[in-house]
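structure33.pdb (PDB, C-alpha atoms)
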ATOM      1  CA  MET T 387      12.026  -5.761 -23.550
ATOM      2  CA  LYS T 388      12.261  -1.992 -23.900
ATOM      3  CA  ARG T 389       8.947  -0.126 -23.823
ATOM      4  CA  ASN T 390       8.060   2.768 -26.058
ATOM      5  CA  LEU T 391       6.805   6.069 -24.655
ATOM      6  CA  LYS T 392       3.120   5.282 -25.271
ATOM      7  CA  GLU T 393       3.262   1.977 -23.385
ATOM      8  CA  THR T 394       5.156   3.571 -20.495
ATOM      9  CA  PHE T 395       2.503   6.306 -20.301
ATOM     10  CA  ALA T 396      -0.307   3.712 -20.472
ATOM     11  CA  ARG T 397       1.182   1.738 -17.588
ATOM     12  CA  LEU T 398       1.610   4.895 -15.492
ATOM     13  CA  VAL T 399      -2.054   5.801 -16.134
ATOM     14  CA  LEU T 400      -3.072   2.337 -14.893
ATOM     15  CA  LEU T 401      -0.752   2.639 -11.891
ATOM     16  CA  PHE T 402      -2.343   5.962 -10.955
ATOM     17  CA  ALA T 403      -5.850   4.476 -11.340
ATOM     18  CA  GLY T 404      -4.845   1.590  -9.068
ATOM     19  CA  LEU T 405      -3.332   4.060  -6.620
ATOM     20  CA  ILE T 406      -6.623   5.970  -6.386
ATOM     21  CA  ILE T 407      -8.602   2.736  -5.852
ATOM     22  CA  ALA T 408      -6.132   1.454  -3.230
ATOM     23  CA  HIS T 409      -6.162   4.713  -1.275
ATOM     24  CA  LEU T 410      -9.966   4.827  -1.329
ATOM     25  CA  GLY T 411      -9.694   1.491   0.484
ATOM     26  CA  VAL T 412      -7.082   2.860   2.885
ATOM     27  CA  THR T 413      -9.323   5.847   3.663
ATOM     28  CA  LEU T 414     -12.368   3.655   4.376
ATOM     29  CA  PHE T 415     -10.120   1.583   6.621
ATOM     30  CA  LEU T 416      -8.674   4.575   8.500
ATOM     31  CA  LEU T 417     -12.003   6.377   9.026
ATOM     32  CA  THR T 418     -13.287   3.437  11.087
ATOM     33  CA  GLU T 419     -10.565   4.226  13.650
ATOM     34  CA  LEU T 420     -10.250   0.510  14.411
ATOM     35  CA  GLY T 421      -6.461   0.552  14.156
ATOM     36  CA  ALA T 422      -3.740   1.553  11.705
ATOM     37  CA  ASP T 423      -2.593  -0.716   8.877
ATOM     38  CA  PRO T 424       0.442  -2.926   9.736
ATOM     39  CA  PHE T 425       3.017  -0.744   7.963
ATOM     40  CA  ASN T 426       1.824   2.379   9.761
ATOM     41  CA  VAL T 427       1.800   0.550  13.112
ATOM     42  CA  PHE T 428       5.524   0.067  12.496
ATOM     43  CA  VAL T 429       5.984   3.719  11.468
ATOM     44  CA  GLN T 430       3.967   4.876  14.491
ATOM     45  CA  GLY T 431       6.021   2.723  16.867
ATOM     46  CA  LEU T 432       9.291   3.933  15.350
ATOM     47  CA  PHE T 433       8.096   7.530  15.578
ATOM     48  CA  ARG T 434       7.158   7.179  19.253
ATOM     49  CA  THR T 435      10.513   5.548  20.022
ATOM     50  CA  LEU T 436      12.587   8.177  18.202
ATOM     51  CA  HIS T 437      10.507  11.176  19.254
ATOM     52  CA  GLY T 438      12.030  11.051  22.734
ATOM     53  CA  PHE T 439      15.455  11.634  21.173
ATOM     54  CA  MET T 440      14.380  13.845  18.261
ATOM     55  CA  GLY T 441      11.751  16.314  19.446
ATOM     56  CA  ASN T 442      11.108  17.871  16.016
ATOM     57  CA  LEU T 443      10.368  14.540  14.340
ATOM     58  CA  THR T 444       6.848  14.025  12.940
ATOM     59  CA  HIS T 445       4.940  10.881  11.941
ATOM     60  CA  GLY T 446       4.954  12.050   8.312
ATOM     61  CA  TYR T 447       8.712  12.514   8.206
ATOM     62  CA  THR T 448       9.190   9.107   9.845
ATOM     63  CA  HIS T 449       6.963   7.521   7.182
ATOM     64  CA  ILE T 450       8.912   9.156   4.337
ATOM     65  CA  THR T 451      12.246   8.202   5.919
ATOM     66  CA  VAL T 452      11.237   4.528   6.247
ATOM     67  CA  CYS T 453      10.057   4.493   2.608
ATOM     68  CA  ILE T 454      13.325   6.025   1.428
ATOM     69  CA  MET T 455      15.314   3.492   3.467
ATOM     70  CA  ILE T 456      13.368   0.623   1.861
ATOM     71  CA  ILE T 457      14.033   2.070  -1.603
ATOM     72  CA  LEU T 458      17.758   2.505  -0.876
ATOM     73  CA  LEU T 459      17.973  -1.070   0.436
ATOM     74  CA  LEU T 460      16.290  -2.406  -2.701
ATOM     75  CA  LEU T 461      18.599  -0.346  -4.912
ATOM     76  CA  ILE T 462      21.417  -2.342  -3.320
ATOM     77  CA  VAL T 463      19.618  -5.734  -3.413
ATOM     78  CA  ASP T 464      17.956  -5.475  -6.841
ATOM     79  CA  ARG T 465      17.399  -2.092  -8.461
ATOM     80  CA  SER T 466      15.066  -3.528 -11.140
ATOM     81  CA  TYR T 467      12.179  -3.284  -8.627
ATOM     82  CA  ILE T 468      12.527   0.500  -8.272
ATOM     83  CA  LYS T 469      10.663   2.289 -11.066
ATOM     84  CA  ILE T 470       9.165   5.720 -11.655
ATOM     85  CA  GLY T 471       5.818   4.504 -10.278
ATOM     86  CA  THR T 472       7.423   3.971  -6.862
ATOM     87  CA  LEU T 473       8.090   7.720  -6.685
ATOM     88  CA  VAL T 474       4.544   8.423  -7.947
ATOM     89  CA  CYS T 475       3.136   6.301  -5.096
ATOM     90  CA  MET T 476       5.248   8.178  -2.538
ATOM     91  CA  ALA T 477       4.282  11.589  -3.921
ATOM     92  CA  PHE T 478       0.522  11.139  -4.381
ATOM     93  CA  GLY T 479      -0.572   8.558  -1.780
ATOM     94  CA  GLY T 480      -0.967  11.077   1.056
ATOM     95  CA  PRO T 481      -2.901  13.740  -0.929
ATOM     96  CA  ILE T 482      -5.299  11.079  -2.302
ATOM     97  CA  ILE T 483      -6.081   9.909   1.245
ATOM     98  CA  ASP T 484      -6.624  13.542   2.320
ATOM     99  CA  PHE T 485      -9.088  14.039  -0.573
ATOM    100  CA  PHE T 486     -11.122  10.907   0.205
ATOM    101  CA  THR T 487     -11.076  11.723   3.934
ATOM    102  CA  LEU T 488     -12.738  15.099   3.284
ATOM    103  CA  LEU T 489     -15.242  13.390   0.991
ATOM    104  CA  LEU T 490     -16.196  10.511   3.308
ATOM    105  CA  GLN T 491     -15.593  11.661   6.889
ATOM    106  CA  GLY T 492     -19.250  12.634   7.336
ATOM    107  CA  THR T 493     -20.327   9.094   6.413
ATOM    108  CA  ILE T 494     -17.861   6.875   8.278
ATOM    109  CA  HIS T 495     -16.325   7.998  11.574
ATOM    110  CA  SER T 496     -15.589   6.818  15.109
ATOM    111  CA  GLU T 497     -19.192   7.523  16.206
ATOM    112  CA  SER T 498     -20.757   5.390  13.468
ATOM    113  CA  PRO T 499     -22.422   2.098  14.550
ATOM    114  CA  PHE T 500     -19.817  -0.597  15.134
ATOM    115  CA  VAL T 501     -21.323  -2.921  12.483
ATOM    116  CA  LEU T 502     -21.079  -0.130   9.883
ATOM    117  CA  ARG T 503     -17.465   0.537  10.866
ATOM    118  CA  LEU T 504     -16.656  -3.171  10.621
ATOM    119  CA  LEU T 505     -18.258  -3.394   7.149
ATOM    120  CA  SER T 506     -16.342  -0.280   6.088
ATOM    121  CA  LEU T 507     -13.128  -1.846   7.356
ATOM    122  CA  ALA T 508     -13.732  -5.081   5.410
ATOM    123  CA  ALA T 509     -14.723  -3.150   2.272
ATOM    124  CA  GLY T 510     -11.651  -0.937   2.664
ATOM    125  CA  CYS T 511      -9.350  -3.967   2.886
ATOM    126  CA  VAL T 512     -10.866  -5.553  -0.244
ATOM    127  CA  ILE T 513     -10.744  -2.282  -2.236
ATOM    128  CA  LEU T 514      -7.169  -1.710  -1.058
ATOM    129  CA  ALA T 515      -6.190  -5.235  -2.151
ATOM    130  CA  PHE T 516      -7.736  -4.759  -5.609
ATOM    131  CA  GLY T 517      -6.154  -1.337  -6.192
ATOM    132  CA  MET T 518      -2.805  -2.626  -4.957
ATOM    133  CA  THR T 519      -2.853  -5.498  -7.481
ATOM    134  CA  ILE T 520      -3.572  -3.068 -10.338
ATOM    135  CA  VAL T 521      -0.570  -1.026  -9.209
ATOM    136  CA  ILE T 522       1.624  -4.147  -8.996
ATOM    137  CA  LYS T 523       0.525  -5.536 -12.376
ATOM    138  CA  SER T 524       0.944  -2.159 -14.095
ATOM    139  CA  ASP T 525       4.647  -3.041 -13.816
ATOM    140  CA  ALA T 526       5.467   0.654 -13.538
ATOM    141  CA  GLY T 527       6.453   0.542  -9.851
ATOM    142  CA  THR T 528       4.614   0.227  -6.549
ATOM    143  CA  GLY T 529       4.558   1.614  -3.004
ATOM    144  CA  PRO T 530       7.767   1.069  -0.977
ATOM    145  CA  ASN T 531       6.015  -0.964   1.732
ATOM    146  CA  ASP T 532       4.449  -3.305  -0.858
ATOM    147  CA  LEU T 533       7.852  -3.770  -2.484
ATOM    148  CA  VAL T 534       9.089  -5.740   0.524
ATOM    149  CA  ALA T 535       6.449  -8.459   0.000
ATOM    150  CA  ILE T 536       6.858  -8.395  -3.793
ATOM    151  CA  VAL T 537      10.644  -8.860  -3.675
ATOM    152  CA  ILE T 538      10.486 -11.675  -1.094
ATOM    153  CA  SER T 539       7.700 -13.385  -3.068
ATOM    154  CA  ASP T 540       9.682 -13.176  -6.313
ATOM    155  CA  LYS T 541      13.021 -14.218  -4.822
ATOM    156  CA  LEU T 542      11.524 -17.243  -3.043
ATOM    157  CA  SER T 543       9.132 -18.071  -5.914
ATOM    158  CA  ARG T 544       6.236 -18.244  -3.448
ATOM    159  CA  PRO T 545       2.629 -16.959  -3.758
ATOM    160  CA  PHE T 546       2.223 -13.269  -2.922
ATOM    161  CA  GLY T 547      -0.688 -13.704  -0.462
ATOM    162  CA  PRO T 548       1.039 -15.699   2.323
ATOM    163  CA  ILE T 549       4.223 -13.618   1.960
ATOM    164  CA  ARG T 550       2.209 -10.425   2.370
ATOM    165  CA  VAL T 551       0.578 -11.828   5.537
ATOM    166  CA  ALA T 552       4.025 -12.692   6.973
ATOM    167  CA  VAL T 553       5.422  -9.231   6.126
ATOM    168  CA  ASP T 554       2.354  -7.479   7.620
ATOM    169  CA  PHE T 555       2.633  -9.622  10.765
ATOM    170  CA  CYS T 556       6.317  -8.642  11.140
ATOM    171  CA  PHE T 557       5.525  -4.937  10.655
ATOM    172  CA  THR T 558       2.725  -5.212  13.250
ATOM    173  CA  ALA T 559       4.792  -7.143  15.808
ATOM    174  CA  ILE T 560       7.842  -4.865  15.580
ATOM    175  CA  GLY T 561       5.657  -1.747  15.571
ATOM    176  CA  PHE T 562       3.748  -2.957  18.638
ATOM    177  CA  LEU T 563       7.014  -3.652  20.504
ATOM    178  CA  LEU T 564       8.172  -0.121  19.628
ATOM    179  CA  GLY T 565       4.958   1.405  20.957
ATOM    180  CA  GLY T 566       2.632   1.419  17.953
ATOM    181  CA  ALA T 567      -1.118   1.072  18.540
ATOM    182  CA  VAL T 568      -2.670  -2.189  17.342
ATOM    183  CA  GLY T 569      -6.441  -2.443  16.947
ATOM    184  CA  LEU T 570      -9.002  -4.862  15.549
ATOM    185  CA  GLY T 571      -8.579  -3.269  12.119
ATOM    186  CA  THR T 572      -4.842  -3.927  12.173
ATOM    187  CA  ILE T 573      -5.365  -7.634  12.811
ATOM    188  CA  ILE T 574      -8.119  -7.954  10.183
ATOM    189  CA  SER T 575      -6.080  -6.145   7.528
ATOM    190  CA  ALA T 576      -2.934  -8.140   8.317
ATOM    191  CA  PHE T 577      -4.739 -11.414   7.603
ATOM    192  CA  LEU T 578      -7.170 -10.211   4.899
ATOM    193  CA  VAL T 579      -5.322  -7.928   2.457
ATOM    194  CA  GLY T 580      -2.626 -10.433   1.431
ATOM    195  CA  PRO T 581      -4.908 -13.389   0.586
ATOM    196  CA  VAL T 582      -7.473 -11.157  -1.181
ATOM    197  CA  ALA T 583      -4.683  -9.525  -3.203
ATOM    198  CA  GLY T 584      -3.446 -13.004  -4.104
ATOM    199  CA  LEU T 585      -6.905 -13.817  -5.508
ATOM    200  CA  PHE T 586      -7.076 -10.544  -7.454
ATOM    201  CA  LEU T 587      -3.556 -10.685  -8.985
ATOM    202  CA  PRO T 588      -4.262 -12.928 -12.019
ATOM    203  CA  HIS T 589      -7.464 -11.013 -12.841
ATOM    204  CA  SER T 590      -5.700  -7.660 -12.437
ATOM    205  CA  GLU T 591      -2.979  -8.826 -14.830
ATOM    206  CA  LYS T 592      -5.629  -9.484 -17.500
ATOM    207  CA  ILE T 593      -7.229  -6.080 -16.852
ATOM    208  CA  VAL T 594      -3.866  -4.314 -17.153
ATOM    209  CA  ASP T 595      -2.914  -6.192 -20.337
ATOM    210  CA  TYR T 596      -6.267  -5.320 -21.907
ATOM    211  CA  PHE T 597      -6.073  -1.613 -21.111
ATOM    212  CA  VAL T 598      -2.396  -1.306 -22.047
ATOM    213  CA  LYS T 599      -3.290  -2.548 -25.531
ATOM    214  CA  LYS T 600      -6.195  -0.072 -25.690
ATOM    215  CA  LEU T 601      -4.148   2.905 -24.400
ATOM    216  CA  LYS T 602      -1.046   2.258 -26.502
TER     217      LYS T 602
END
Do you think you could lay out the structure here as structure tokens?
Amino acid sequence: MKRNLKETFARLVLLFAGLIIAHLGVTLFLLTELGADPFNVFVQGLFRTLHGFMGNLTHGYTHITVCIMIILLLLIVDRSYIKIGTLVCMAFGGPIIDFFTLLLQGTIHSESPFVLRLLSLAAGCVILAFGMTIVIKSDAGTGPNDLVAIVISDKLSRPFGPIRVAVDFCFTAIGFLLGGAVGLGTIISAFLVGPVAGLFLPHSEKIVDYFVKKLK
């Protein structure tokens, strides 16, 4: 069903709101310095492997390249999953994390008590999961790394949560073998984000449907 301009705009507004929420969670997670998220363990490992051959390569460029490769692969497999929101996620994710880092780095950091860092990590994972489900249910596009789990879940007609855990585990394992750093936070996020997102998805769909009707 073709959407009019107002509905498209409403869904993009919701996607951006979800993106902000999700990246607040990512920032809380990263500030604990208890390990990178599974996708970035993979990017980090790939970067460390390739850096020996390509001296000018940076982590950021590696991240963008992997995202572009995922998008190109999905354009071949099923282009219906690639929407304008995917490009929005790629363009604004980094700056949002930078903003929240400046805002929160005095509160949560590597010198904070371990219990506080662990609570921040758990809160970050839950907030990330909620924001991610708003982005997914906005149906305007989502981040390239989340697309992998979404496509597999849809194609196999299986719940999103367990698929996300399997995808995160694969990213972590391959990244670790390539030289990426795995910490306690990586393991917690790999097994927490997917199931929590699975619980949030039906509720997020209702939230999105409600606000789309209000914003149209």
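Atom to atom, atom CA of T:Ala552 and atom CA of T:Ala576 stand 8.4 Å apart.
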>> Given the PyMOL selection byres ((chain T and resi 503-506) around 10) and the file above, list the residues it selects as a list of chain:residue names.
In response: T:Gly411, T:Thr413, T:Leu414, T:Phe415, T:Leu416, T:Leu417, T:Thr418, T:Glu419, T:Leu420, T:Ile494, T:His495, T:Ser496, T:Glu497, T:Ser498, T:Pro499, T:Phe500, T:Val501, T:Leu502, T:Leu507, T:Ala508, T:Ala509, T:Gly510, T:Cys511, T:Val512, T:Leu570, T:Gly571, T:Ile574
> What does the PyMOL selection byres ((chain T and resi 514-530) around 6) select in this file, as a list of chain:residue names?
Replying inline: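 With the PyMOL selection byres ((chain T and resi 514-530) around 6) on this model, the match is T:Arg397, T:Leu401, T:Gly404, T:Ile407, T:Ala408, T:Gly411, T:Cys453, T:Lys469, T:Gly471, T:Thr472, T:Cys475, T:Gly510, T:Cys511, T:Val512, T:Ile513, T:Asn531, T:Asp532, T:Leu533, T:Val579, T:Ala583, T:Leu587, T:Ser590, T:Glu591.
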> Closest to T:Ile560 among T:Leu398, T:Leu601, T:Leu432, T:Ala422, using all atoms listed in the file?
Replying inline: T:Leu432
Taking the file as shown, what set of residues would the PyMOL selection byres ((chain T and resi 434) around 10) give back, as a PDB file with C-alpha atoms, in the frame of the given file?
ATOM      1  CA  PHE T 428       5.524   0.067  12.496  1.00  0.00           C
ATOM      2  CA  VAL T 429       5.984   3.719  11.468  1.00  0.00           C
ATOM      3  CA  GLN T 430       3.967   4.876  14.491  1.00  0.00           C
ATOM      4  CA  GLY T 431       6.021   2.723  16.867  1.00  0.00           C
ATOM      5  CA  LEU T 432       9.291   3.933  15.350  1.00  0.00           C
ATOM      6  CA  PHE T 433       8.096   7.530  15.578  1.00  0.00           C
ATOM      7  CA  THR T 435      10.513   5.548  20.022  1.00  0.00           C
ATOM      8  CA  LEU T 436      12.587   8.177  18.202  1.00  0.00           C
ATOM      9  CA  HIS T 437      10.507  11.176  19.254  1.00  0.00           C
ATOM     10  CA  GLY T 438      12.030  11.051  22.734  1.00  0.00           C
ATOM     11  CA  PHE T 439      15.455  11.634  21.173  1.00  0.00           C
ATOM     12  CA  MET T 440      14.380  13.845  18.261  1.00  0.00           C
ATOM     13  CA  LEU T 443      10.368  14.540  14.340  1.00  0.00           C
ATOM     14  CA  THR T 444       6.848  14.025  12.940  1.00  0.00           C
ATOM     15  CA  HIS T 445       4.940  10.881  11.941  1.00  0.00           C
ATOM     16  CA  THR T 448       9.190   9.107   9.845  1.00  0.00           C
ATOM     17  CA  GLY T 561       5.657  -1.747  15.571  1.00  0.00           C
ATOM     18  CA  LEU T 564       8.172  -0.121  19.628  1.00  0.00           C
ATOM     19  CA  GLY T 565       4.958   1.405  20.957  1.00  0.00           C
ATOM     20  CA  GLY T 566       2.632   1.419  17.953  1.00  0.00           C
TER      21      GLY T 566
END
> So, counting all atoms listed in the file, which residue among T:Asp484, T:Asp423, T:Asp464, T:Asp595 is closest to T:Ala559?
Replying inline: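 Among the listed residues, T:Asp423 lies closest to T:Ala559.
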> So how many Å separate atom CA of T:Ala477 and atom CA of T:Lys392, to one decimal?
Replying inline: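 That distance, rounded to one decimal, is 22.3 Å.
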> Within 10 Å of (0.0, -11.8, 0.4), in the coordinates the file gives, what residues turn up when you count all atoms listed in the file, written out as number ranges by chain?
Replying inline: T: 515, 532, 535-536, 539, 544-554, 576-585
> Restricting the calculation to only C-alpha atoms, which member of T:Met476, T:Ile593, T:Leu410, T:Ile573 is positioned closest to T:Leu489?
Replying inline: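 Checking each candidate against T:Leu489, we get T:Leu410 as the closest.
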>> What does the structure give for the distance between atom CA of T:Ile483 and atom CA of T:His409, in Å to one decimal?
In response: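 Between these atoms lies a distance of 5.8 Å.
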